[in-house]
Amino acid sequence: MHTLEHNSIRRLPEHWHWLGTRIRLGLTPDEPRLIATYLETGRQACLADLLHPWRMSEQSFQTLLATALDRQLPWHWRTHCLNHAHQPLIQLERFAQSRSEWRPQFVVLVQRLARADMRPGEPP
């Protein structure tokens, strides 16, 4: 059982990437808990030293924002992703406050969010 637990912990980054892919492609847009699971899986992978916290937070933010901006996806899924994009951005802000070399990248991400064009997609 200890080996199974160790193997499942080692697979956290793979699982996190798969959850991100499901979010980005809108494969289950009626499952809002997917985003919370994605963010928590990334956090667990960081705690296990399997992902770097900056990388995980940045990728999570990028995934959620890209999904929110994708006009091919359902509007409710896009807005749900936008509503959760602040969570990894808060983590990035904490990192940027403690490491000056990360501040420029943080500013770029904030600017991307500020310029987000959330117009609805074209009707089918």
# chains A, B, ... in the order shown; residues from 1 in each chain; ligands from 1

call {"tool": "select_by_dssp", "arguments": {"residues": "segment 13-108 of chain A", "states": "alpha helix (DSSP H)", "output": "ChimeraX atom specification"}}
result
/A:13-25,33-47,53-69,75-84,86-98,103-108

call {"tool": "residues_around", "arguments": {"residues": "segment 106-123 of chain A", "least_positions_apart": "5", "cutoff": "12 Å", "atoms": "only C-alpha atoms", "output": "number ranges by chain"}}
result
A: 54-55, 57-86, 88-101

call {"tool": "residues_around", "arguments": {"residues": "Met56 of chain A", "least_positions_apart": "6", "cutoff": "8 Å", "atoms": "only C-alpha atoms", "output": "tab-separated table (two decimals) with all heavy atoms, in the first residue's frame"}}
result
chain	number	residue	atom	x	y	z
A	42	GLY	N	-2.46	20.73	-8.09
A	42	GLY	CA	-1.22	21.47	-8.28
A	42	GLY	C	-0.58	21.82	-6.95
A	42	GLY	O	0.65	21.70	-6.79
A	43	ARG	N	-1.37	22.23	-5.99
A	43	ARG	CA	-0.84	22.56	-4.66
A	43	ARG	C	-0.21	21.34	-4.02
A	43	ARG	O	0.89	21.42	-3.45
A	43	ARG	CB	-1.97	23.11	-3.79
A	43	ARG	CG	-1.50	23.67	-2.45
A	43	ARG	CD	-2.68	24.17	-1.62
A	43	ARG	NE	-3.39	23.08	-0.97
A	43	ARG	CZ	-2.97	22.44	0.12
A	43	ARG	NH1	-1.83	22.77	0.68
A	43	ARG	NH2	-3.68	21.48	0.64
A	46	CYS	N	3.12	20.59	-5.51
A	46	CYS	CA	4.14	21.52	-4.99
A	46	CYS	C	4.59	21.11	-3.60
A	46	CYS	O	5.79	21.13	-3.29
A	46	CYS	CB	3.60	22.95	-4.97
A	46	CYS	SG	3.39	23.66	-6.60

call {"tool": "atom_distance", "arguments": {"atom1": "atom CA of Thr41 of chain A", "atom2": "atom CA of Arg11 of chain A"}}
result
10.2 Å

call {"tool": "closest_residue", "arguments": {"among": "A:Arg22, A:Pro29, A:Ala48, A:Pro53", "to": "Ile9 of chain A", "atoms": "only C-alpha atoms"}}
result
A:Ala48

call {"tool": "closest_residue", "arguments": {"among": "A:Leu34, A:Arg103, A:Gln87, A:Asp49", "to": "Thr21 of chain A", "atoms": "only C-alpha atoms"}}
result
A:Leu34

call {"tool": "atom_distance", "arguments": {"atom1": "atom CA of Arg10 of chain A", "atom2": "atom CA of Leu50 of chain A"}}
result
7.2 Å

call {"tool": "decode", "arguments": {"residues": "segment 98-121 of chain A", "atoms": "N, CA and C atoms", "output": "short mmCIF file (atom, residue, chain, number, x, y, z; two decimals), in the first residue's frame"}}
result
data_model
loop_
_atom_site.label_atom_id
_atom_site.label_comp_id
_atom_site.auth_asym_id
_atom_site.auth_seq_id
_atom_site.Cartn_x
_atom_site.Cartn_y
_atom_site.Cartn_z
N SER A 98 8.34 38.62 -2.97
CA SER A 98 9.53 38.11 -2.28
C SER A 98 10.74 37.95 -3.21
N ARG A 99 10.51 37.89 -4.51
CA ARG A 99 11.62 37.70 -5.46
C ARG A 99 11.51 38.74 -6.57
N SER A 100 12.35 39.72 -6.54
CA SER A 100 12.25 40.84 -7.48
C SER A 100 12.38 40.41 -8.94
N GLU A 101 13.10 39.33 -9.21
CA GLU A 101 13.25 38.88 -10.60
C GLU A 101 11.94 38.35 -11.20
N TRP A 102 10.97 38.05 -10.34
CA TRP A 102 9.68 37.56 -10.83
C TRP A 102 8.66 38.68 -11.03
N ARG A 103 8.96 39.87 -10.55
CA ARG A 103 8.00 40.97 -10.65
C ARG A 103 7.63 41.31 -12.09
N PRO A 104 8.61 41.42 -13.01
CA PRO A 104 8.21 41.76 -14.39
C PRO A 104 7.23 40.76 -15.00
N GLN A 105 7.46 39.47 -14.77
CA GLN A 105 6.54 38.46 -15.32
C GLN A 105 5.17 38.57 -14.67
N PHE A 106 5.14 38.86 -13.38
CA PHE A 106 3.87 39.04 -12.69
C PHE A 106 3.10 40.21 -13.29
N VAL A 107 3.79 41.30 -13.56
CA VAL A 107 3.15 42.49 -14.15
C VAL A 107 2.56 42.14 -15.51
N VAL A 108 3.28 41.37 -16.31
CA VAL A 108 2.78 40.95 -17.62
C VAL A 108 1.49 40.15 -17.47
N LEU A 109 1.45 39.26 -16.50
CA LEU A 109 0.25 38.44 -16.29
C LEU A 109 -0.94 39.29 -15.84
N VAL A 110 -0.69 40.23 -14.96
CA VAL A 110 -1.76 41.13 -14.51
C VAL A 110 -2.28 41.95 -15.69
N GLN A 111 -1.38 42.41 -16.54
CA GLN A 111 -1.80 43.19 -17.71
C GLN A 111 -2.63 42.34 -18.66
N ARG A 112 -2.25 41.08 -18.83
CA ARG A 112 -3.05 40.18 -19.68
C ARG A 112 -4.46 40.05 -19.15
N LEU A 113 -4.58 39.91 -17.84
CA LEU A 113 -5.90 39.80 -17.23
C LEU A 113 -6.68 41.11 -17.41
N ALA A 114 -6.01 42.22 -17.22
CA ALA A 114 -6.68 43.52 -17.35
C ALA A 114 -7.18 43.77 -18.77
N ARG A 115 -6.50 43.22 -19.76
CA ARG A 115 -6.90 43.41 -21.16
C ARG A 115 -7.76 42.27 -21.69
N ALA A 116 -8.18 41.39 -20.84
CA ALA A 116 -8.96 40.23 -21.28
C ALA A 116 -10.23 40.67 -21.99
N ASP A 117 -10.42 40.16 -23.18
CA ASP A 117 -11.60 40.46 -23.99
C ASP A 117 -12.58 39.30 -23.81
N MET A 118 -13.60 39.55 -23.04
CA MET A 118 -14.55 38.48 -22.71
C MET A 118 -15.83 38.55 -23.55
N ARG A 119 -15.73 39.09 -24.74
CA ARG A 119 -16.94 39.09 -25.59
C ARG A 119 -17.40 37.65 -25.82
N PRO A 120 -18.71 37.46 -25.86
CA PRO A 120 -19.23 36.12 -26.17
C PRO A 120 -18.81 35.68 -27.56
N GLY A 121 -18.80 34.39 -27.78
CA GLY A 121 -18.49 33.86 -29.11
C GLY A 121 -19.62 34.07 -30.07
#
